[in-house]
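Engineer: data.tsv is the file, holding TSV, C-alpha atoms and all ligand atoms:
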chain	number	residue	atom	x	y	z
A	1	MET	CA	2.45	21.00	-39.01
A	2	SER	CA	5.14	23.29	-37.63
A	3	SER	CA	7.47	22.17	-34.91
A	4	ARG	CA	6.66	23.11	-31.34
A	5	ARG	CA	7.47	22.08	-27.78
A	6	ILE	CA	4.87	20.44	-25.59
A	7	SER	CA	5.09	19.43	-21.96
A	8	THR	CA	2.74	16.74	-20.74
A	9	GLU	CA	2.31	14.16	-18.04
A	10	ALA	CA	2.33	10.63	-19.45
A	11	VAL	CA	2.21	6.97	-18.52
A	12	ILE	CA	4.58	4.90	-20.67
A	13	LEU	CA	2.62	2.04	-22.25
A	14	ARG	CA	5.22	0.44	-24.49
A	15	SER	CA	8.90	0.99	-25.00
A	16	MET	CA	10.72	-0.62	-27.90
A	17	ARG	CA	14.40	-0.71	-28.80
A	18	TYR	CA	15.13	1.11	-32.02
A	19	GLY	CA	18.37	1.34	-33.95
A	20	GLU	CA	21.61	1.27	-32.00
A	21	ALA	CA	20.72	3.32	-28.95
A	22	ASP	CA	17.24	4.76	-29.36
A	23	ARG	CA	13.85	3.90	-27.94
A	24	ILE	CA	10.43	4.33	-29.47
A	25	LEU	CA	7.66	4.60	-26.96
A	26	HIS	CA	3.89	4.78	-26.76
A	27	ALA	CA	2.42	6.79	-23.92
A	28	ILE	CA	-1.03	7.91	-22.78
A	29	THR	CA	-1.39	11.59	-21.95
A	30	PRO	CA	-4.37	13.57	-20.64
A	31	GLU	CA	-4.37	16.31	-23.29
A	32	HIS	CA	-3.05	14.52	-26.37
A	33	GLY	CA	-4.33	10.96	-25.92
A	34	ARG	CA	-1.96	8.29	-27.09
A	35	ILE	CA	1.30	9.57	-28.47
A	36	GLY	CA	4.31	7.96	-30.09
A	37	ALA	CA	7.76	9.37	-29.49
A	38	ILE	CA	11.39	8.60	-30.15
A	39	ALA	CA	13.98	9.01	-27.42
A	40	ARG	CA	17.32	9.31	-29.18
A	41	GLY	CA	20.27	7.81	-27.34
A	42	ALA	CA	18.03	6.59	-24.49
A	43	ARG	CA	19.82	3.25	-24.35
A	44	ARG	CA	23.28	4.75	-23.92
A	45	PRO	CA	24.57	4.08	-20.41
A	46	ARG	CA	24.83	7.73	-19.44
A	47	SER	CA	21.54	8.87	-21.00
A	48	LYS	CA	19.42	11.01	-18.69
A	49	LEU	CA	16.28	9.61	-20.33
A	50	GLY	CA	16.93	5.89	-20.22
A	51	GLY	CA	15.51	4.48	-17.01
A	52	ARG	CA	12.61	6.91	-16.97
A	53	LEU	CA	11.04	5.59	-20.15
A	54	GLU	CA	10.33	2.01	-19.17
A	55	PRO	CA	6.72	0.76	-19.40
A	56	LEU	CA	4.55	1.72	-16.37
A	57	ALA	CA	6.67	4.83	-15.68
A	58	VAL	CA	4.70	7.97	-14.86
A	59	VAL	CA	6.66	10.93	-16.18
A	60	ARG	CA	6.46	14.51	-17.32
A	61	LEU	CA	7.64	14.50	-20.91
A	62	GLU	CA	9.07	17.42	-22.83
A	63	LEU	CA	8.42	16.74	-26.48
A	64	GLN	CA	9.38	18.33	-29.73
A	65	THR	CA	6.63	17.83	-32.27
A	66	GLY	CA	7.56	17.53	-35.91
A	67	ARG	CA	6.26	16.68	-39.32
A	68	SER	CA	5.71	13.02	-38.52
A	69	ASP	CA	3.41	11.40	-35.95
A	70	LEU	CA	6.46	10.51	-33.93
A	71	HIS	CA	7.44	13.23	-31.47
A	72	THR	CA	10.97	13.56	-30.13
A	73	VAL	CA	11.57	13.25	-26.39
A	74	VAL	CA	13.81	16.10	-25.23
A	75	GLY	CA	13.28	15.63	-21.49
A	76	ALA	CA	11.64	13.27	-18.99
A	77	ASP	CA	11.12	13.75	-15.26
A	78	SER	CA	9.77	11.06	-13.00
A	79	VAL	CA	6.34	11.88	-11.50
A	80	ALA	CA	5.55	8.63	-9.67
A	81	VAL	CA	7.49	5.41	-9.14
A	82	HIS	CA	5.68	2.16	-8.37
A	83	HIS	CA	8.38	0.17	-6.60
A	84	ARG	CA	6.06	-2.44	-5.18
A	85	ILE	CA	4.51	-3.32	-8.54
A	86	LEU	CA	7.99	-3.95	-9.93
A	87	THR	CA	8.72	-6.58	-7.30
A	88	HIS	CA	5.34	-8.37	-7.28
A	89	HIS	CA	4.71	-10.74	-10.17
A	90	GLY	CA	0.89	-10.67	-10.03
A	91	ALA	CA	0.71	-6.88	-9.78
A	92	MET	CA	3.29	-6.50	-12.54
A	93	THR	CA	1.33	-8.78	-14.88
A	94	GLU	CA	-1.89	-6.87	-14.16
A	95	ALA	CA	-0.23	-3.48	-14.66
A	96	GLN	CA	1.31	-4.58	-17.98
A	97	ARG	CA	-2.03	-5.94	-19.13
A	98	ALA	CA	-3.75	-2.66	-18.25
A	99	CYS	CA	-1.11	-0.66	-20.17
A	100	GLY	CA	-1.42	-2.98	-23.19
A	101	ILE	CA	-5.19	-2.59	-23.35
A	102	VAL	CA	-5.00	1.20	-22.96
A	103	ASP	CA	-2.47	1.17	-25.81
A	104	ARG	CA	-4.87	-0.74	-28.04
A	105	THR	CA	-8.01	1.23	-27.23
A	106	ALA	CA	-6.65	4.79	-26.96
A	107	VAL	CA	-7.13	7.20	-29.82
A	108	PRO	CA	-4.14	9.29	-30.96
A	109	ASP	CA	-4.34	13.07	-30.66
A	110	GLU	CA	-7.64	13.16	-28.79
A	111	PRO	CA	-7.81	14.25	-25.14
A	112	ALA	CA	-7.97	11.22	-22.83
A	113	HIS	CA	-8.23	12.69	-19.33
A	114	ALA	CA	-10.50	9.90	-18.06
A	115	VAL	CA	-8.45	7.04	-19.53
A	116	HIS	CA	-5.16	8.52	-18.31
A	117	GLY	CA	-6.64	9.11	-14.85
A	118	LEU	CA	-8.03	5.58	-14.69
A	119	LEU	CA	-4.67	4.03	-15.57
A	120	ARG	CA	-2.92	6.20	-12.96
A	121	THR	CA	-5.46	4.99	-10.40
A	122	MET	CA	-4.96	1.35	-11.43
A	123	LEU	CA	-1.18	1.67	-10.99
A	124	ALA	CA	-1.63	3.40	-7.62
A	125	VAL	CA	-4.02	0.68	-6.40
A	126	LEU	CA	-1.66	-2.10	-7.49
A	127	ASP	CA	1.31	-0.36	-5.89
A	128	ALA	CA	-0.47	0.32	-2.60
A	129	ARG	CA	-1.67	-3.29	-2.29
A	130	PRO	CA	0.00	-5.56	-4.86
A	131	GLU	CA	-1.88	-8.54	-3.43
A	132	THR	CA	-5.18	-7.05	-4.70
A	133	ALA	CA	-4.20	-8.02	-8.28
A	134	SER	CA	-7.14	-10.25	-9.11
A	135	GLU	CA	-9.67	-11.03	-11.79
A	136	GLY	CA	-12.23	-8.80	-10.03
A	137	LEU	CA	-9.86	-5.82	-10.18
A	138	GLN	CA	-8.95	-6.56	-13.81
A	139	LEU	CA	-12.59	-6.76	-14.93
A	140	ALA	CA	-13.52	-3.65	-12.92
A	141	PHE	CA	-10.68	-1.79	-14.66
A	142	LEU	CA	-11.91	-2.93	-18.08
A	143	LEU	CA	-15.51	-1.90	-17.34
A	144	LYS	CA	-14.31	1.52	-16.20
A	145	LEU	CA	-12.11	1.77	-19.29
A	146	LEU	CA	-15.14	1.16	-21.53
A	147	TYR	CA	-17.01	3.79	-19.50
A	148	ALA	CA	-14.13	6.23	-20.04
A	149	HIS	CA	-14.59	5.59	-23.76
A	150	GLY	CA	-18.28	6.46	-23.45
A	151	LEU	CA	-19.61	2.91	-23.19
A	152	GLN	CA	-21.87	2.32	-20.23
A	153	PRO	CA	-23.73	-0.99	-20.40
A	154	ALA	CA	-27.47	-0.75	-19.61
A	155	LEU	CA	-27.90	-3.15	-16.70
A	156	GLY	CA	-31.24	-2.27	-15.08
A	157	ALA	CA	-33.83	-3.14	-17.73
A	158	CYS	CA	-34.18	-5.04	-21.01
A	159	VAL	CA	-32.76	-2.82	-23.79
A	160	HIS	CA	-35.55	-3.98	-26.13
A	161	CYS	CA	-38.76	-3.92	-24.06
A	162	GLY	CA	-37.82	-2.17	-20.79
A	163	ARG	CA	-38.79	-5.12	-18.57
A	164	SER	CA	-36.74	-5.10	-15.37
A	165	ASP	CA	-37.16	-8.72	-14.24
A	166	ALA	CA	-36.08	-12.06	-15.76
A	167	LEU	CA	-33.03	-10.49	-17.35
A	168	VAL	CA	-31.15	-13.43	-18.79
A	169	GLY	CA	-28.92	-12.25	-21.63
A	170	PHE	CA	-26.62	-9.48	-22.81
A	171	ASP	CA	-27.05	-7.96	-26.26
A	172	ALA	CA	-23.75	-6.20	-26.93
A	173	ALA	CA	-24.88	-4.62	-30.19
A	174	HIS	CA	-27.67	-2.84	-28.28
A	175	GLY	CA	-25.41	-2.26	-25.27
A	176	GLY	CA	-27.30	-3.91	-22.46
A	177	VAL	CA	-29.20	-6.73	-20.77
A	178	VAL	CA	-32.21	-8.44	-22.34
A	179	CYS	CA	-35.15	-10.39	-20.92
A	180	ALA	CA	-36.04	-14.01	-21.82
A	181	SER	CA	-38.62	-12.93	-24.44
A	182	CYS	CA	-36.14	-10.64	-26.21
A	183	GLN	CA	-33.00	-12.76	-25.80
A	184	ARG	CA	-32.92	-14.42	-29.25
A	185	SER	CA	-29.23	-15.13	-29.97
A	186	ALA	CA	-27.80	-12.92	-27.20
A	187	PRO	CA	-25.42	-14.85	-24.88
A	188	SER	CA	-26.86	-15.78	-21.48
A	189	ILE	CA	-25.78	-13.94	-18.38
A	190	ASP	CA	-26.30	-14.79	-14.68
A	191	GLU	CA	-27.62	-12.39	-12.11
A	192	ALA	CA	-24.23	-12.59	-10.36
A	193	ALA	CA	-22.52	-11.21	-13.46
A	194	VAL	CA	-24.97	-8.28	-13.71
A	195	THR	CA	-24.54	-7.58	-9.99
A	196	PHE	CA	-20.75	-7.63	-10.39
A	197	MET	CA	-20.89	-5.10	-13.22
A	198	VAL	CA	-23.23	-2.78	-11.30
A	199	GLU	CA	-20.96	-2.91	-8.23
A	200	ALA	CA	-17.69	-2.65	-10.19
A	201	LEU	CA	-18.93	0.47	-12.00
A	202	GLY	CA	-20.35	1.99	-8.82
A	203	ARG	CA	-17.29	1.56	-6.61
A	204	PRO	CA	-13.78	2.97	-6.74
A	205	LEU	CA	-11.19	0.61	-8.25
A	206	ALA	CA	-9.59	0.09	-4.86
A	207	ALA	CA	-12.86	-1.52	-3.70
A	208	ALA	CA	-13.41	-3.69	-6.80
A	209	PRO	CA	-15.72	-6.61	-5.95
A	210	VAL	CA	-14.60	-10.23	-5.90
A	211	VAL	CA	-15.95	-12.37	-8.75
A	212	GLU	CA	-16.50	-16.11	-9.11
A	213	SER	CA	-15.23	-17.89	-12.21
A	214	ARG	CA	-18.56	-18.37	-14.04
A	215	PRO	CA	-19.78	-14.76	-13.82
A	216	ALA	CA	-16.19	-13.64	-14.54
A	217	LEU	CA	-16.28	-15.49	-17.87
A	218	GLN	CA	-19.62	-13.90	-18.72
A	219	VAL	CA	-18.45	-10.40	-17.80
A	220	ARG	CA	-15.28	-10.88	-19.85
A	221	ARG	CA	-17.40	-11.84	-22.85
A	222	VAL	CA	-19.62	-8.76	-22.36
A	223	ILE	CA	-16.53	-6.53	-22.25
A	224	GLU	CA	-15.00	-8.14	-25.35
A	225	ASP	CA	-18.29	-7.96	-27.28
A	226	LEU	CA	-18.85	-4.29	-26.34
A	227	ALA	CA	-15.29	-3.36	-27.35
A	228	ARG	CA	-15.66	-5.19	-30.67
A	229	HIS	CA	-19.08	-3.73	-31.52
A	230	HIS	CA	-18.59	-0.17	-30.35
A	231	LEU	CA	-14.85	0.56	-30.37
A	232	GLY	CA	-13.83	-1.77	-33.19
A	233	VAL	CA	-11.14	-3.26	-30.95
A	234	GLU	CA	-10.44	-6.95	-30.39
A	235	LEU	CA	-9.52	-7.32	-26.71
A	236	ARG	CA	-9.37	-11.08	-26.67
A	237	ASP	CA	-5.83	-12.42	-26.62
A	238	ARG	CA	-3.79	-14.92	-24.68
A	239	THR	CA	-2.44	-12.41	-22.17
A	240	ALA	CA	-5.92	-11.05	-21.40
A	241	ARG	CA	-7.09	-14.38	-19.99
A	242	GLY	CA	-7.40	-15.10	-16.30
A	243	ALA	CA	-5.55	-13.48	-13.45
A	301	ZN	ZN	-37.31	-7.63	-23.28
Take the structure in the file and write it out as structure tokens.
Structural biologist:
Amino acid sequence: MSSRRISTEAVILRSMRYGEADRILHAITPEHGRIGAIARGARRPRSKLGGRLEPLAVVRLELQTGRSDLHTVVGADSVAVHHRILTHHGAMTEAQRACGIVDRTAVPDEPAHAVHGLLRTMLAVLDARPETASEGLQLAFLLKLLYAHGLQPALGACVHCGRSDALVGFDAAHGGVVCASCQRSAPSIDEAAVTFMVEALGRPLAAAPVVESRPALQVRRVIEDLARHHLGVELRDRTARGA
């Protein structure tokens, strides 16, 4: 691959110290999906790049592509700053969690307009009203993230027989709800959890529905099972629990 310059908007997902003064970062971009880049000298006190490459930063990156997967950052301009997230613990935790999950689910070098746009919206919602950081918002974000990856759970009728009443389970391998006769080993799911998913997917993130703890656990399991079956990604970890 020959070297060329690209200019792209990006949200910084991870930023790691490297060597004496460099940073290596992961970012999500609309046109190029997840990218990795090195910012040489970014940790020197007078670097023009430094402060703009922290996680959660929304920037326009000028990149030099090279022979390796790691691009070189040659410029970074701030596009949006989320001051209120930075000073609100709950919003900060939620924003970091969202960036971490985008980092793990994004595909390198494939356009990711929907995923990038969703993360920008999540950061904007958290910055506008940091107090809305909640389990309902987190689960709504995750459902929309799966949707952005092409996964839309079937919630209106049994995925095996088409029955639309007595829906009592969720069969992640088949991507939707199941009735009592078809449930077999599929985990049980309450009506409240199905209703939450329908509403969360149908509303903008800023209007994410509130969720009680029992349906929240069930929805979280649905999300984790769908990601495992269809994206090959394990979402479950300690930081992904609770709000
Ligand atoms: Zn059925």
Engineer: Taking all atoms listed in the file into account, report as a VMD selection string which residues have an atom no farther than 12 Å from an atom of ligand ZN 301 (chain A).
Structural biologist: chain A and resid 156 to 171 174 176 to 184 186
Engineer: So how many Å separate atom CA of His83 of chain A and atom CA of Val58 of chain A, to one decimal?
Structural biologist: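 Interatomic distance, atom CA of His83 of chain A to atom CA of Val58 of chain A: 11.9 Å.
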Engineer: Mind giving me the axis-aligned box for segment 73-87 of chain A with 4 Å on every side, centre plus edges in Å to one decimal, as AutoDock Vina command-line options?
Structural biologist:
--center_x 9.2 --center_y 4.8 --center_z -15.8 --size_x 17.3 --size_y 30.7 --size_z 29.2
Engineer: For a test of reading the model, state the distance in Å between atom CA of Gly51 of chain A and atom CA of Asp69 of chain A, rounded to one decimal.
Structural biologist: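 These two atoms are separated by 23.5 Å.
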Engineer: Tell me which of A:Leu217, A:Ile101, A:Ala80, A:Ala10 sits closest to Phe141 of chain A, counting all atoms listed in the file.
Structural biologist: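 Under the stated criterion, the closest residue is A:Ile101.
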